[in-house]
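Colleague: Below you will find the structure I want to go over with you.
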Amino acid sequence: MFCSKLRYVTVLACAVFLCGCAYQKEYNQISKKGTVEEKYNFALKAYDKQDYRKSSSIFEELLPLFRGKDALDGLLYNLAYSYFYDKDYFMAAYYFRTLARQFPNGQRVEEATYMSAYCKSLESPDFRLDQSATKEAIKQLQLYINYYPESRRVEEASRLIVEMRAKLALKAFNIAGMYYRRGLYNAAAITFNNFLRDYPESPDREQAMFLMLKSRFLYAKNSFKHLQPERYRKVLDIYDMFLRNYAGSRYREDADKFVAIARERI
C-alpha cells in the first residue's frame, strides 16, 4: 500500500516537473520568436496560471503594438492586475490610472480609478517614513468618492482615507513631540497648533493642546525678560482654548500652574 502511494506521488511529481519544463520552454520560444497573437495568448495563459511575472513581461512588450487599437483597454487591464497580484503596487497604480485616462468612457473606468487609488494606499509606508504616497492615495480616493458617490466601493474608500489620515496625524504628532523633547518649544507649539488644525478627529487632540500650552509656557519662561510678557499672554490665550475644550482634563492641574505663573509675570 505504501509503495503504491509512493509510486503515485513520484509519477505525479515527474508529471508536474515535465509540465513545468514544457511551459518554460514554450515561454522561451514565444518570447523570442512568437507572433503578436501567440505572445498575447501566452500572456493570458500565464495570467490564468497566476504566473504574473511572465504575463506582465509579455503584456509590457506588446503594449506599444496595441496603441490606438480597441484591444488596448483589455491589455492594460490585464497588465495592471498582473502587477497588482505580483504586489508591485507602484506599477499597478500607474497602469490602472493609464487605463482610466485613456478610456474615460469605458466600462472599466470606475474600477480602474478605484484600483489606482487603492494601490497607492497599499504603497503607504510606516508613519515614520515619508508620507508622499499616503497623501497621494488620500487625494485619489477622495476624487473617486467625488466622481462615484453611489459606488459600492465608497464605504471602503472612506475607511481607507480614515486609516491613512490617522497615520498622517500620528506622524505630525510625533514630529511636534520631537521638537518638544529637544527643547525647541516655539517650533513645538507651532507644530502642535498645525496638528490641531489639520487633524481635529485625532484621539491625541487633548494631549496635543496641553503640550502646546506647556511649550508656549516654557518658550516664554526661557525668553529674554523684555519678551516674556507678550509670550506669557499667548499662554493665557491657549489656556482659554484648552478650558473651552477640556475643562475636566487630566492635565488641568498642571495647566493651572502654568497659567498662575504666567499671570504673575505679565
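Chain labels run A, B, ... following the order of the C-alpha cells; each chain numbers its residues from 1, and ligands are numbered from 1 in the order shown.
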List every residue of region 34-115 of chain A that DSSP, applied to the backbone of this structure, assigns to helix (DSSP H, G or I), and report them as a ChimeraX atom specification.
Modeller: /A:36-48,52-66,72-85,89-102,109-115
Colleague: Which neighbours of region 79-81 of chain A fall inside 7 Å, counting only C-alpha atoms, when residues of the same chain fewer than 3 positions from it are skipped, and could you give them as a list in words?
Modeller: Ser56, Phe59, Leu75, Leu76, Phe84, Tyr85, Ala92, Tyr95 and Phe96 of chain A
Colleague: Tell me, as a PyMOL selection string, which residues lie within 9 Å of Phe173 (chain A), counting only C-alpha atoms; anything in the same chain fewer than 2 positions away does not count.
Modeller: chain A and resi 168-171+175-178+191-192+195+204+208
Colleague: Could you take the residues named above and write them with N, CA and C atoms, as a PDB file, in the first residue's frame?
Modeller:
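Wrote it out as out-v3.pdb, contents follow:
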ATOM      1  N   LEU A 168      -1.120  59.924   9.094  1.00  0.00           N
ATOM      2  CA  LEU A 168      -0.549  61.267   8.946  1.00  0.00           C
ATOM      3  C   LEU A 168      -0.608  62.034  10.259  1.00  0.00           C
ATOM      4  N   ALA A 169      -1.713  61.864  10.982  1.00  0.00           N
ATOM      5  CA  ALA A 169      -1.860  62.545  12.272  1.00  0.00           C
ATOM      6  C   ALA A 169      -0.807  62.058  13.262  1.00  0.00           C
ATOM      7  N   LEU A 170      -0.585  60.752  13.276  1.00  0.00           N
ATOM      8  CA  LEU A 170       0.418  60.190  14.186  1.00  0.00           C
ATOM      9  C   LEU A 170       1.801  60.728  13.857  1.00  0.00           C
ATOM     10  N   LYS A 171       2.105  60.841  12.572  1.00  0.00           N
ATOM     11  CA  LYS A 171       3.410  61.386  12.171  1.00  0.00           C
ATOM     12  C   LYS A 171       3.534  62.839  12.610  1.00  0.00           C
ATOM     13  N   ILE A 175       6.239  64.419  15.271  1.00  0.00           N
ATOM     14  CA  ILE A 175       7.175  65.485  14.899  1.00  0.00           C
ATOM     15  C   ILE A 175       7.116  66.616  15.920  1.00  0.00           C
ATOM     16  N   ALA A 176       5.892  66.987  16.296  1.00  0.00           N
ATOM     17  CA  ALA A 176       5.739  68.035  17.314  1.00  0.00           C
ATOM     18  C   ALA A 176       6.367  67.594  18.630  1.00  0.00           C
ATOM     19  N   GLY A 177       6.153  66.317  18.990  1.00  0.00           N
ATOM     20  CA  GLY A 177       6.740  65.795  20.225  1.00  0.00           C
ATOM     21  C   GLY A 177       8.253  65.782  20.177  1.00  0.00           C
ATOM     22  N   MET A 178       8.820  65.545  18.993  1.00  0.00           N
ATOM     23  CA  MET A 178      10.274  65.558  18.839  1.00  0.00           C
ATOM     24  C   MET A 178      10.824  66.952  19.119  1.00  0.00           C
ATOM     25  N   THR A 191       3.931  73.508  15.685  1.00  0.00           N
ATOM     26  CA  THR A 191       3.622  72.219  15.071  1.00  0.00           C
ATOM     27  C   THR A 191       2.420  71.563  15.739  1.00  0.00           C
ATOM     28  N   PHE A 192       2.309  71.688  17.069  1.00  0.00           N
ATOM     29  CA  PHE A 192       1.108  71.180  17.746  1.00  0.00           C
ATOM     30  C   PHE A 192      -0.138  71.939  17.282  1.00  0.00           C
ATOM     31  N   PHE A 195      -1.096  70.638  13.971  1.00  0.00           N
ATOM     32  CA  PHE A 195      -1.695  69.314  14.165  1.00  0.00           C
ATOM     33  C   PHE A 195      -3.164  69.442  14.564  1.00  0.00           C
ATOM     34  N   ASP A 204      -5.472  62.102  19.925  1.00  0.00           N
ATOM     35  CA  ASP A 204      -4.373  62.754  20.654  1.00  0.00           C
ATOM     36  C   ASP A 204      -4.595  64.259  20.809  1.00  0.00           C
ATOM     37  N   ALA A 208      -2.230  67.001  22.738  1.00  0.00           N
ATOM     38  CA  ALA A 208      -1.563  67.973  21.873  1.00  0.00           C
ATOM     39  C   ALA A 208      -1.844  69.394  22.335  1.00  0.00           C
TER      40      ALA A 208
END
Colleague: So, counting only C-alpha atoms, which residue among A:Tyr40, A:Tyr47, A:Tyr118, A:Phe242 is closest to Glu61 (chain A)?
Modeller: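 Closest residue, counting only C-alpha atoms: A:Tyr40.
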Colleague: Counting only C-alpha atoms, what are the residues of region 180-216 of chain A within 12 Å of region 231-236 of chain A, and for each of them which pair of atoms is the nearest and at what distance in Å, to one decimal? Sort the table by chain and rising number, as a tab-separated table.
Modeller:
residue	atom	partner	partner_atom	distance
A:Tyr185	CA	A:Arg231	CA	11.8
A:Asn186	CA	A:Arg231	CA	10.2
A:Ala189	CA	A:Val235	CA	10.4
A:Ile190	CA	A:Lys234	CA	11.9
A:Met209	CA	A:Val235	CA	11.3
A:Phe210	CA	A:Val235	CA	10.6
A:Leu211	CA	A:Val235	CA	11.2
A:Met212	CA	A:Val235	CA	8.9
A:Leu213	CA	A:Val235	CA	6.0
A:Lys214	CA	A:Val235	CA	8.0
A:Ser215	CA	A:Val235	CA	8.9
A:Arg216	CA	A:Val235	CA	5.7
Colleague: Please produce a file of the residues just selected, as a CSV table (one decimal), in the first residue's frame, where the atoms kept are N, CA and C atoms.
Modeller:
chain,number,residue,atom,x,y,z
A,185,TYR,N,10.9,74.8,21.8
A,185,TYR,CA,9.5,75.0,22.3
A,185,TYR,C,8.6,75.8,21.3
A,186,ASN,N,9.2,76.8,20.7
A,186,ASN,CA,8.4,77.6,19.7
A,186,ASN,C,8.0,76.7,18.6
A,189,ALA,N,5.3,74.3,19.7
A,189,ALA,CA,4.0,75.0,19.8
A,189,ALA,C,3.3,75.2,18.5
A,190,ILE,N,4.1,75.6,17.5
A,190,ILE,CA,3.6,75.9,16.1
A,190,ILE,C,3.1,74.6,15.5
A,209,MET,N,-3.1,69.7,22.7
A,209,MET,CA,-3.4,71.0,23.2
A,209,MET,C,-2.7,71.4,24.5
A,210,PHE,N,-2.6,70.4,25.4
A,210,PHE,CA,-1.9,70.6,26.6
A,210,PHE,C,-0.4,70.8,26.3
A,211,LEU,N,0.2,70.0,25.5
A,211,LEU,CA,1.6,70.2,25.2
A,211,LEU,C,1.9,71.5,24.4
A,212,MET,N,0.9,72.0,23.6
A,212,MET,CA,1.1,73.3,23.0
A,212,MET,C,1.1,74.4,24.1
A,213,LEU,N,0.2,74.2,25.1
A,213,LEU,CA,0.2,75.2,26.2
A,213,LEU,C,1.6,75.1,27.0
A,214,LYS,N,2.0,73.9,27.3
A,214,LYS,CA,3.3,73.8,28.0
A,214,LYS,C,4.4,74.3,27.2
A,215,SER,N,4.4,74.1,25.9
A,215,SER,CA,5.5,74.5,25.0
A,215,SER,C,5.6,76.1,25.0
A,216,ARG,N,4.4,76.7,24.9
A,216,ARG,CA,4.3,78.1,25.0
A,216,ARG,C,4.8,78.7,26.3
Colleague: List as a PyMOL selection string the protein and nucleic acid residues near region 243-246 of chain A, meaning an atom at most 10 Å away when only C-alpha atoms are counted, but skip any in the same chain fewer than 5 places from it.
Modeller: chain A and resi 205-206+209-210+238+251-252+255-256
Colleague: Just checking: using only C-alpha atoms, which residue out of A:Glu264, A:Pro203, A:Arg153, A:Glu253 ends up closest to Pro229 (chain A)?
Modeller: A:Glu264
Colleague: I'd like the interatomic distance between CA of Leu99 (chain A) and CA of Gly74 (chain A), to a tenth of an Å.
Modeller: 9.0 Å
Colleague: Go ahead and compute the interatomic distance for CA of Gln228 (chain A) and CA of Arg265 (chain A), in Å to one decimal.
Modeller: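 So the two atoms, CA of Gln228 (chain A) and CA of Arg265 (chain A), lie 7.7 Å apart.
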Colleague: Extract, using only C-alpha atoms, all DNA, RNA and protein residues at most 10 Å from Pro125 (chain A), discarding same-chain residues fewer than 4 positions from it, and format them as a VMD selection string.
Modeller: chain A and resid 121 129 to 134 164 167
Colleague: From the list A:Asp126, A:Arg67, A:Leu62, A:Leu72, which residue is nearest Gly106 (chain A) when using only C-alpha atoms?
Modeller: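 Nearest candidate to Gly106 (chain A) out of A:Asp126, A:Arg67, A:Leu62, A:Leu72: A:Leu72.
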Colleague: May I have the residues within 12 Å of Arg165 (chain A) as a VMD selection string, using only C-alpha atoms and disregarding those fewer than 4 positions away in the same chain?
Modeller: chain A and resid 121 124 127 131 134 to 139 141 to 142 158 to 161 169 to 172 195 198 to 202
Colleague: Let's have the selection written as a PDB file, in the first residue's frame, with C-alpha atoms.
Modeller:
ATOM      1  CA  SER A 121      -2.924  53.159  -0.338  1.00  0.00           C
ATOM      2  CA  SER A 124       1.624  53.870   2.084  1.00  0.00           C
ATOM      3  CA  PHE A 127       4.285  56.585   9.685  1.00  0.00           C
ATOM      4  CA  GLN A 131       4.214  60.020   3.513  1.00  0.00           C
ATOM      5  CA  THR A 134      -0.162  58.302   1.663  1.00  0.00           C
ATOM      6  CA  LYS A 135      -1.143  61.846   0.717  1.00  0.00           C
ATOM      7  CA  GLU A 136      -1.495  60.909  -2.947  1.00  0.00           C
ATOM      8  CA  ALA A 137      -3.665  57.913  -2.009  1.00  0.00           C
ATOM      9  CA  ILE A 138      -5.969  60.108   0.086  1.00  0.00           C
ATOM     10  CA  LYS A 139      -6.242  62.582  -2.780  1.00  0.00           C
ATOM     11  CA  LEU A 141      -9.564  58.102  -3.029  1.00  0.00           C
ATOM     12  CA  GLN A 142     -11.373  61.367  -2.337  1.00  0.00           C
ATOM     13  CA  SER A 158     -13.806  56.215   3.079  1.00  0.00           C
ATOM     14  CA  ARG A 159     -12.410  53.667   5.539  1.00  0.00           C
ATOM     15  CA  LEU A 160      -9.020  53.779   3.826  1.00  0.00           C
ATOM     16  CA  ILE A 161      -8.981  57.576   3.994  1.00  0.00           C
ATOM     17  CA  ALA A 169      -1.860  62.545  12.272  1.00  0.00           C
ATOM     18  CA  LEU A 170       0.418  60.190  14.186  1.00  0.00           C
ATOM     19  CA  LYS A 171       3.410  61.386  12.171  1.00  0.00           C
ATOM     20  CA  ALA A 172       2.514  65.057  12.750  1.00  0.00           C
ATOM     21  CA  PHE A 195      -1.695  69.314  14.165  1.00  0.00           C
ATOM     22  CA  ASP A 198      -5.293  69.622  10.400  1.00  0.00           C
ATOM     23  CA  TYR A 199      -6.495  66.615  12.427  1.00  0.00           C
ATOM     24  CA  PRO A 200      -9.466  67.621  14.593  1.00  0.00           C
ATOM     25  CA  GLU A 201     -10.601  63.987  14.713  1.00  0.00           C
ATOM     26  CA  SER A 202      -7.381  62.702  16.312  1.00  0.00           C
TER      27      SER A 202
END
